[in-house]
$ cat protein06.cif   # mmCIF, C-alpha atoms
data_coords
#
loop_
_atom_site.label_atom_id
_atom_site.label_comp_id
_atom_site.auth_asym_id
_atom_site.auth_seq_id
_atom_site.Cartn_x
_atom_site.Cartn_y
_atom_site.Cartn_z
CA MET A 5 -38.79 5.05 -107.78
CA SER A 6 -41.86 2.77 -107.59
CA GLU A 7 -41.75 2.09 -111.32
CA ASP A 8 -38.04 1.54 -111.06
CA LEU A 9 -38.49 -1.03 -108.31
CA GLU A 10 -41.30 -2.71 -110.22
CA SER A 11 -39.22 -2.99 -113.39
CA ARG A 12 -36.33 -4.38 -111.36
CA LEU A 13 -38.70 -6.90 -109.78
CA ARG A 14 -39.94 -7.95 -113.20
CA ALA A 15 -36.37 -8.45 -114.31
CA ALA A 16 -35.51 -10.40 -111.17
CA LEU A 17 -38.60 -12.57 -111.42
CA ARG A 18 -38.37 -13.55 -115.05
CA PRO A 19 -39.32 -17.26 -115.27
CA VAL A 20 -36.39 -19.65 -115.22
CA ALA A 21 -36.35 -23.12 -116.73
CA PRO A 22 -35.55 -26.23 -114.76
CA GLY A 23 -32.65 -28.38 -115.91
CA ASP A 24 -32.95 -30.38 -119.15
CA GLU A 25 -32.59 -33.66 -117.32
CA PHE A 26 -35.41 -32.78 -114.96
CA THR A 27 -37.63 -31.85 -117.91
CA ARG A 28 -36.85 -35.12 -119.68
CA ASN A 29 -37.60 -37.15 -116.54
CA LEU A 30 -40.77 -35.19 -115.86
CA ILE A 31 -42.11 -35.71 -119.39
CA ALA A 32 -41.19 -39.41 -119.25
CA ARG A 33 -42.89 -39.87 -115.90
CA VAL A 34 -46.11 -38.00 -116.75
CA THR A 35 -46.49 -39.43 -120.27
CA LYS A 36 -45.81 -42.93 -118.93
CA ASP A 37 -48.81 -42.47 -116.67
CA GLN A 38 -50.92 -41.44 -119.65
CA GLY A 39 -49.67 -44.06 -122.17
CA PRO A 40 -51.87 -46.80 -123.70
CA GLU A 41 -50.96 -49.24 -120.95
CA ALA A 42 -51.80 -46.66 -118.30
CA ASN A 43 -55.06 -45.92 -120.11
CA ALA A 44 -55.86 -49.62 -120.14
CA ARG A 45 -54.81 -49.80 -116.50
CA GLY A 46 -56.99 -46.80 -115.80
CA ALA A 47 -59.90 -48.36 -117.66
CA ARG A 48 -59.40 -51.60 -115.76
CA GLY A 49 -59.15 -49.59 -112.60
CA ARG A 50 -62.38 -47.82 -113.45
CA SER A 51 -64.17 -51.03 -114.40
CA SER A 52 -62.87 -52.84 -111.35
CA LYS A 53 -63.95 -50.01 -109.07
CA PRO A 54 -67.68 -50.81 -109.20
CA SER A 55 -67.02 -54.54 -108.76
CA ALA A 56 -64.84 -53.77 -105.77
CA TRP A 57 -67.66 -51.65 -104.43
CA TRP A 58 -70.17 -54.38 -105.06
CA LEU A 59 -67.86 -56.94 -103.50
CA SER A 60 -67.53 -54.95 -100.30
CA ALA A 61 -71.26 -54.11 -100.28
CA SER A 62 -72.25 -57.74 -100.77
CA MET A 63 -69.78 -58.83 -98.09
CA ALA A 64 -71.29 -56.33 -95.68
CA ALA A 65 -74.81 -57.50 -96.58
CA SER A 66 -73.80 -61.16 -96.11
CA LEU A 67 -72.35 -60.36 -92.71
CA LEU A 68 -75.55 -58.59 -91.70
CA ILE A 69 -77.70 -61.49 -92.89
CA ALA A 70 -75.46 -64.02 -91.13
CA ALA A 71 -75.64 -62.01 -87.92
CA GLY A 72 -79.45 -61.83 -88.26
CA VAL A 73 -79.77 -65.56 -88.87
CA GLN A 74 -77.45 -66.31 -85.97
CA HIS A 75 -79.51 -64.07 -83.70
CA HIS A 76 -82.75 -65.71 -84.84
CA LEU A 77 -81.37 -69.24 -84.32
CA GLN A 78 -80.12 -68.36 -80.86
CA GLU A 79 -83.50 -66.94 -79.90
CA ARG A 80 -85.17 -70.10 -81.20
CA ARG A 81 -82.77 -72.33 -79.26
CA GLU A 82 -83.43 -70.35 -76.07
CA THR A 83 -87.19 -70.58 -76.58
CA GLN A 84 -86.91 -74.32 -77.10
CA ARG A 85 -84.76 -74.66 -73.99
CA GLY A 86 -87.37 -72.69 -72.04
CA LEU A 87 -90.21 -74.89 -73.34
CA GLU A 88 -88.26 -78.03 -72.56
CA ALA A 89 -87.57 -76.77 -69.03
CA ARG A 90 -91.27 -76.00 -68.59
CA ARG A 91 -92.22 -79.43 -69.86
CA GLN A 92 -89.78 -81.03 -67.44
CA VAL A 93 -91.12 -79.00 -64.51
CA ILE A 94 -94.68 -79.98 -65.39
CA GLU A 95 -93.60 -83.61 -65.72
CA ALA A 96 -91.85 -83.41 -62.36
CA LEU A 97 -94.93 -81.88 -60.76
CA ARG A 98 -97.09 -84.55 -62.35
CA VAL A 99 -94.83 -87.33 -61.02
CA THR A 100 -94.66 -85.72 -57.60
CA SER A 101 -98.39 -85.31 -57.55
CA GLN A 102 -98.84 -89.00 -58.46
CA LYS A 103 -96.46 -90.06 -55.72
CA LEU A 104 -98.20 -87.84 -53.20
CA ASN A 105 -101.57 -89.22 -54.21
CA LEU A 106 -100.25 -92.72 -53.84
CA ALA A 107 -98.77 -91.94 -50.44
CA TYR A 108 -102.00 -90.30 -49.40
CA GLU A 109 -103.98 -93.35 -50.47
CA VAL A 110 -101.64 -95.65 -48.52
CA ILE A 111 -101.84 -93.52 -45.40
CA LYS A 112 -105.55 -93.20 -45.75
CA SER A 113 -106.02 -96.91 -46.19
CA GLU A 114 -103.76 -97.68 -43.26
CA SER A 115 -105.37 -95.18 -40.94
CA SER A 116 -109.01 -96.09 -41.74
CA PRO A 117 -110.35 -98.62 -39.00
CA ARG A 118 -110.81 -102.15 -40.29
CA ALA A 119 -113.97 -104.08 -39.31
CA ASP A 120 -112.11 -106.81 -37.39
CA ASP A 121 -110.15 -104.26 -35.49
CA GLU A 122 -113.19 -102.64 -34.08
CA PRO A 123 -113.29 -102.87 -30.31
CA GLY A 124 -116.06 -104.68 -28.73
CA VAL A 125 -116.78 -106.84 -31.68
CA MET B 8 -50.18 -11.62 -119.21
CA ASN B 9 -53.39 -13.47 -119.07
CA GLU B 10 -53.09 -15.11 -122.42
CA ALA B 11 -52.14 -18.73 -122.82
CA ALA B 12 -48.52 -19.85 -122.86
CA PRO B 13 -46.90 -19.29 -126.23
CA GLY B 14 -46.06 -22.41 -128.20
CA PHE B 15 -49.07 -24.36 -127.05
CA SER B 16 -52.52 -24.21 -128.57
CA ASP B 17 -56.00 -25.35 -127.60
CA GLU B 18 -55.77 -27.94 -130.41
CA GLN B 19 -52.66 -29.41 -128.81
CA LEU B 20 -54.45 -29.41 -125.47
CA ALA B 21 -57.30 -31.37 -127.06
CA LYS B 22 -54.76 -33.89 -128.37
CA ALA B 23 -53.14 -34.18 -124.95
CA ARG B 24 -56.58 -34.71 -123.42
CA SER B 25 -57.28 -37.55 -125.83
CA GLY B 26 -54.10 -39.35 -124.78
CA ASP B 27 -51.52 -38.06 -127.30
CA THR B 28 -48.30 -38.35 -125.31
CA ALA B 29 -46.35 -36.10 -127.70
CA ALA B 30 -48.90 -33.32 -127.13
CA LEU B 31 -48.67 -33.89 -123.39
CA GLY B 32 -44.89 -33.55 -123.63
CA SER B 33 -45.34 -30.22 -125.48
CA LEU B 34 -47.79 -29.09 -122.83
CA ILE B 35 -45.25 -29.77 -120.09
CA GLN B 36 -42.49 -27.99 -122.00
CA ALA B 37 -44.72 -24.98 -122.61
CA HIS B 38 -45.83 -24.58 -119.01
CA GLN B 39 -42.99 -25.94 -116.90
CA ARG B 40 -41.07 -22.64 -116.71
CA SER B 41 -43.99 -20.88 -115.08
CA VAL B 42 -44.74 -23.74 -112.67
CA TYR B 43 -41.10 -24.37 -111.78
CA SER B 44 -40.32 -20.66 -111.29
CA LEU B 45 -43.35 -20.17 -109.03
CA ALA B 46 -42.36 -23.24 -107.03
CA LEU B 47 -38.71 -22.22 -106.81
CA ARG B 48 -39.42 -18.68 -105.68
CA MET B 49 -42.12 -19.76 -103.26
CA LEU B 50 -40.12 -22.57 -101.64
CA GLY B 51 -36.57 -21.25 -102.12
CA THR B 52 -34.75 -24.46 -103.07
CA ARG B 53 -34.34 -26.24 -106.37
CA GLU B 54 -35.00 -29.67 -104.85
CA LEU B 55 -38.35 -28.66 -103.34
CA ALA B 56 -39.28 -26.80 -106.52
CA GLU B 57 -38.60 -29.86 -108.67
CA ASP B 58 -40.67 -32.05 -106.36
CA LEU B 59 -43.55 -29.60 -106.42
CA THR B 60 -43.37 -29.19 -110.21
CA GLN B 61 -43.57 -32.95 -110.61
CA GLU B 62 -46.50 -33.22 -108.18
CA VAL B 63 -48.39 -30.47 -110.02
CA PHE B 64 -47.95 -32.09 -113.45
CA MET B 65 -48.88 -35.51 -112.08
CA GLN B 66 -52.05 -33.98 -110.62
CA LEU B 67 -52.70 -32.26 -113.93
CA ASN B 68 -52.49 -35.60 -115.69
CA GLY B 69 -55.44 -36.77 -113.60
CA SER B 70 -57.41 -33.57 -114.22
CA LEU B 71 -56.51 -33.03 -117.86
CA LYS B 72 -59.96 -34.04 -119.11
CA SER B 73 -61.53 -31.11 -117.27
CA MET B 74 -59.25 -28.49 -118.88
CA ALA B 75 -61.47 -26.50 -121.22
CA SER B 76 -58.76 -24.35 -122.81
CA ASN B 77 -55.12 -23.44 -122.59
CA THR B 78 -56.04 -20.32 -120.59
CA HIS B 79 -57.99 -22.46 -118.17
CA LEU B 80 -55.00 -24.82 -117.95
CA GLN B 81 -52.63 -21.95 -117.16
CA PHE B 82 -54.99 -20.59 -114.51
CA TRP B 83 -55.24 -24.09 -112.97
CA LEU B 84 -51.46 -24.61 -112.96
CA ARG B 85 -50.79 -21.27 -111.25
CA LYS B 86 -53.51 -21.88 -108.69
CA VAL B 87 -52.45 -25.42 -107.83
CA THR B 88 -48.76 -24.50 -107.68
CA THR B 89 -49.24 -21.52 -105.37
CA TYR B 90 -51.76 -23.35 -103.16
CA ARG B 91 -49.49 -26.37 -102.79
CA ALA B 92 -46.47 -24.15 -102.09
CA ILE B 93 -48.34 -22.14 -99.44
CA ASP B 94 -49.52 -25.41 -97.87
CA GLN B 95 -45.97 -26.73 -97.73
CA LEU B 96 -44.69 -23.52 -96.20
CA ARG B 97 -47.44 -23.56 -93.59
CA ARG B 98 -46.77 -27.19 -92.70
CA ARG B 99 -43.11 -26.49 -92.20
CA SER B 100 -43.04 -23.08 -90.60
CA ARG B 101 -39.37 -22.90 -91.36
CA ILE B 102 -37.84 -24.77 -94.25
CA GLU B 103 -34.12 -25.31 -94.13
CA MET B 104 -33.08 -23.48 -97.22
CA THR B 105 -29.93 -23.99 -99.17
CA PRO B 106 -28.11 -20.69 -99.47
CA LEU B 107 -29.17 -19.02 -102.68
CA ASP B 108 -25.54 -18.77 -103.80
CA ASP B 109 -25.40 -22.54 -104.09
CA GLU B 110 -28.56 -22.72 -106.13
CA ALA B 111 -29.14 -22.81 -109.83
CA PRO B 112 -29.76 -19.31 -111.15
CA LEU B 113 -32.98 -18.03 -109.63
CA VAL B 114 -32.80 -14.91 -111.71
CA SER B 115 -32.36 -14.23 -115.34
CA THR B 116 -29.61 -11.81 -116.19
CA ALA B 117 -30.30 -11.90 -119.90
CA ASP B 118 -31.48 -8.28 -119.78
CA GLY B 119 -28.12 -7.15 -118.47
CA GLY B 120 -29.61 -6.16 -115.09
CA ASP B 121 -27.61 -6.11 -111.91
CA PRO B 122 -27.41 -9.78 -110.82
CA LEU B 123 -26.51 -8.82 -107.25
CA LEU B 124 -29.54 -6.59 -106.95
CA GLN B 125 -31.75 -9.25 -108.46
CA ARG B 126 -30.42 -11.81 -105.99
CA HIS B 127 -31.00 -9.32 -103.16
CA LEU B 128 -34.63 -8.96 -104.27
CA GLN B 129 -34.92 -12.74 -104.34
CA ARG B 130 -33.73 -12.97 -100.75
CA LEU B 131 -36.18 -10.30 -99.65
CA LEU B 132 -38.98 -12.12 -101.42
CA LEU B 133 -38.30 -15.25 -99.34
CA GLU B 134 -38.72 -13.17 -96.19
CA LEU B 135 -42.29 -12.20 -97.06
CA SER B 136 -45.25 -14.23 -95.78
CA PRO B 137 -46.27 -17.06 -98.16
CA PRO B 138 -49.50 -15.34 -99.34
CA ALA B 139 -47.69 -12.03 -99.87
CA ARG B 140 -44.95 -13.86 -101.76
CA ALA B 141 -47.52 -15.58 -103.96
CA VAL B 142 -49.22 -12.27 -104.71
CA LEU B 143 -45.92 -10.63 -105.65
CA LEU B 144 -44.88 -13.54 -107.86
CA LEU B 145 -48.20 -13.64 -109.68
CA ARG B 146 -47.93 -9.88 -110.22
CA TYR B 147 -44.31 -9.56 -111.32
CA GLN B 148 -43.38 -13.01 -112.57
CA GLU B 149 -46.67 -14.02 -114.18
CA ASP B 150 -47.71 -10.42 -114.96
CA LEU B 151 -51.28 -10.93 -113.70
CA ASP B 152 -53.41 -7.94 -112.74
CA PRO B 153 -54.82 -7.76 -109.19
CA ILE B 154 -58.23 -9.06 -110.29
CA ASP B 155 -56.70 -12.22 -111.78
CA ILE B 156 -54.47 -12.65 -108.73
CA ALA B 157 -57.53 -12.43 -106.49
CA ARG B 158 -59.26 -15.05 -108.64
CA THR B 159 -56.23 -17.34 -108.66
CA LEU B 160 -55.69 -17.20 -104.91
CA ASP B 161 -59.39 -16.95 -103.93
CA MET B 162 -58.52 -13.75 -102.12
CA PRO B 163 -60.46 -10.48 -101.84
CA ILE B 164 -59.15 -7.88 -104.28
CA ASN B 165 -58.43 -5.45 -101.43
CA THR B 166 -56.28 -8.05 -99.70
CA VAL B 167 -54.32 -8.52 -102.92
CA LYS B 168 -53.81 -4.76 -103.22
CA SER B 169 -52.73 -4.39 -99.60
CA HIS B 170 -50.29 -7.30 -99.95
CA LEU B 171 -48.81 -5.64 -103.03
CA LYS B 172 -48.56 -2.26 -101.35
CA ARG B 173 -47.01 -3.59 -98.16
CA SER B 174 -44.58 -5.91 -99.93
CA LEU B 175 -43.37 -3.19 -102.30
CA GLU B 176 -42.90 -0.89 -99.33
CA ILE B 177 -40.75 -3.50 -97.55
CA LEU B 178 -38.70 -4.15 -100.68
CA ARG B 179 -38.25 -0.43 -101.29
CA GLN B 180 -37.07 0.23 -97.75
CA ARG B 181 -34.58 -2.59 -97.87
CA THR B 182 -33.27 -2.17 -101.36
CA PRO B 183 -30.48 0.31 -102.01
CA HIS B 184 -31.38 2.81 -104.70
CA PRO B 185 -28.76 2.73 -107.50
CA GLU B 186 -28.53 6.51 -107.78
CA ARG B 187 -28.17 6.93 -104.04
CA SER B 188 -25.56 4.15 -103.88
CA ARG B 189 -23.59 5.81 -106.66
CA CYS B 190 -23.61 9.17 -104.78
CA GLU B 191 -22.51 7.42 -101.59
CA ASP B 192 -19.69 5.69 -103.50
CA GLN B 193 -18.55 9.00 -104.95
CA SER B 194 -18.62 10.76 -101.60
CA THR B 195 -16.36 8.14 -99.97
#

$ encode --input "protein06.cif" --output "structure tokens"
Amino acid sequence: MSEDLESRLRAALRPVAPGDEFTRNLIARVTKDQGPEANARGARGRSSKPSAWWLSASMAASLLIAAGVQHHLQERRETQRGLEARRQVIEALRVTSQKLNLAYEVIKSESSPRADDEPGV
Amino acid sequence: MNEAAPGFSDEQLAKARSGDTAALGSLIQAHQRSVYSLALRMLGTRELAEDLTQEVFMQLNGSLKSMASNTHLQFWLRKVTTYRAIDQLRRRSRIEMTPLDDEAPLVSTADGGDPLLQRHLQRLLLELSPPARAVLLLRYQEDLDPIDIARTLDMPINTVKSHLKRSLEILRQRTPHPERSRCEDQST
């Protein structure tokens, strides 16, 4: 019975061919992909692959460098702004100090007793 | 049947590898029956089988350079076809299948066998799980032994054997025995 079923299965599962039109289309499609033009296309594709890789790699590197330079310039600008602010504060302090000194001198000179003002003279 | 497909030699394969389109055409003609039949009986419809056959040969075109021999090529075709078919069946847990009666002949009746019985076996085959179906097809359509089936499907040999045993049991239970049917016919 088992052998009988197996032989019936073999008979039922004998390979069948697809339609002729399908076969023709299949061969045309696959061989078209392998033809000389496709080979040339493939070769171009292969040769353009590394350049595409290099292009993207160099673009990424350029972006990184640009970002680095931008960061560096910004830091430098901030440092310069800080130095300028410090210089201005020092200048302001210097001017203030001068003014105070001047005011002090005026007050001092005004408050010190003059000889002709001395009582009893 | 582990030998290479008849009508196609390793020399022709070498020509196809080097870009000879005529040799590639011969390769397709020599191997398309096996690929198409596996696809058809795995997926159940002619349309899906044709799509899968085309996909497999397009993939082969990209991998042709790595084919060492015609035997290797045949092994690769069976493996890729069954894997892709199982994948498709898993993705769509239930494919809407065209009734088998409307399909192109799924079975060959050249041996004078009972076409109704063969069609019945075909229907039962589509009810098996995709891996069990693949095992049965590789065994009875491609005539591979369990060791080669295990190698093709990357499956332990014991799993292959249990699939075969279980599937045959299911088919046996659900297939009328000709002798018994004849007796029943006579008794009525």

$ closest_residue --input "protein06.cif" --among "B:Arg181, B:Lys168, B:Arg97, B:Arg91" --to "chain A" --atoms "only C-alpha atoms"
B:Arg181

$ interface_residues --input "protein06.cif" --of "chain A" --to "chain B" --cutoff "10 Å" --atoms "only C-alpha atoms" --output "PyMOL selection string"
chain A and resi 5-6+8-23+26-40+43

$ atom_distance --input "protein06.cif" --atom1 "atom CA of Ser16 of chain B" --atom2 "atom CA of Ala92 of chain B"
27.2 Å

$ residues_around --input "protein06.cif" --residues "Asn165 of chain B" --least-positions-apart "4" --cutoff "10 Å" --atoms "only C-alpha atoms" --output "number ranges by chain"
B: 153-154, 157, 169-171

$ atom_distance --input "protein06.cif" --atom1 "atom CA of Arg98 of chain B" --atom2 "atom CA of Pro163 of chain B"
23.5 Å

$ atom_distance --input "protein06.cif" --atom1 "atom CA of Tyr90 of chain B" --atom2 "atom CA of Thr159 of chain B"
9.3 Å

$ resolve_selection --input "protein06.cif" --expression "the PyMOL selection byres ((chain B and resi 79) around 12)" --output "compact mmCIF listing (two decimals) with C-alpha atoms, in the coordinates of the input"
# COMPACT_ATOMS: atom_id res chain seq x y z
CA ASN B 9 -53.39 -13.47 -119.07
CA GLU B 10 -53.09 -15.11 -122.42
CA ALA B 11 -52.14 -18.73 -122.82
CA ALA B 12 -48.52 -19.85 -122.86
CA SER B 16 -52.52 -24.21 -128.57
CA ASP B 17 -56.00 -25.35 -127.60
CA LEU B 20 -54.45 -29.41 -125.47
CA LEU B 67 -52.70 -32.26 -113.93
CA SER B 70 -57.41 -33.57 -114.22
CA LEU B 71 -56.51 -33.03 -117.86
CA LYS B 72 -59.96 -34.04 -119.11
CA SER B 73 -61.53 -31.11 -117.27
CA MET B 74 -59.25 -28.49 -118.88
CA ALA B 75 -61.47 -26.50 -121.22
CA SER B 76 -58.76 -24.35 -122.81
CA ASN B 77 -55.12 -23.44 -122.59
CA THR B 78 -56.04 -20.32 -120.59
CA LEU B 80 -55.00 -24.82 -117.95
CA GLN B 81 -52.63 -21.95 -117.16
CA PHE B 82 -54.99 -20.59 -114.51
CA TRP B 83 -55.24 -24.09 -112.97
CA LEU B 84 -51.46 -24.61 -112.96
CA ARG B 85 -50.79 -21.27 -111.25
CA LYS B 86 -53.51 -21.88 -108.69
CA THR B 159 -56.23 -17.34 -108.66

$ closest_residue --input "protein06.cif" --among "B:Lys22, B:Arg140, B:Lys172, B:Arg158" --to "Ile93 of chain B" --atoms "only C-alpha atoms"
B:Arg140
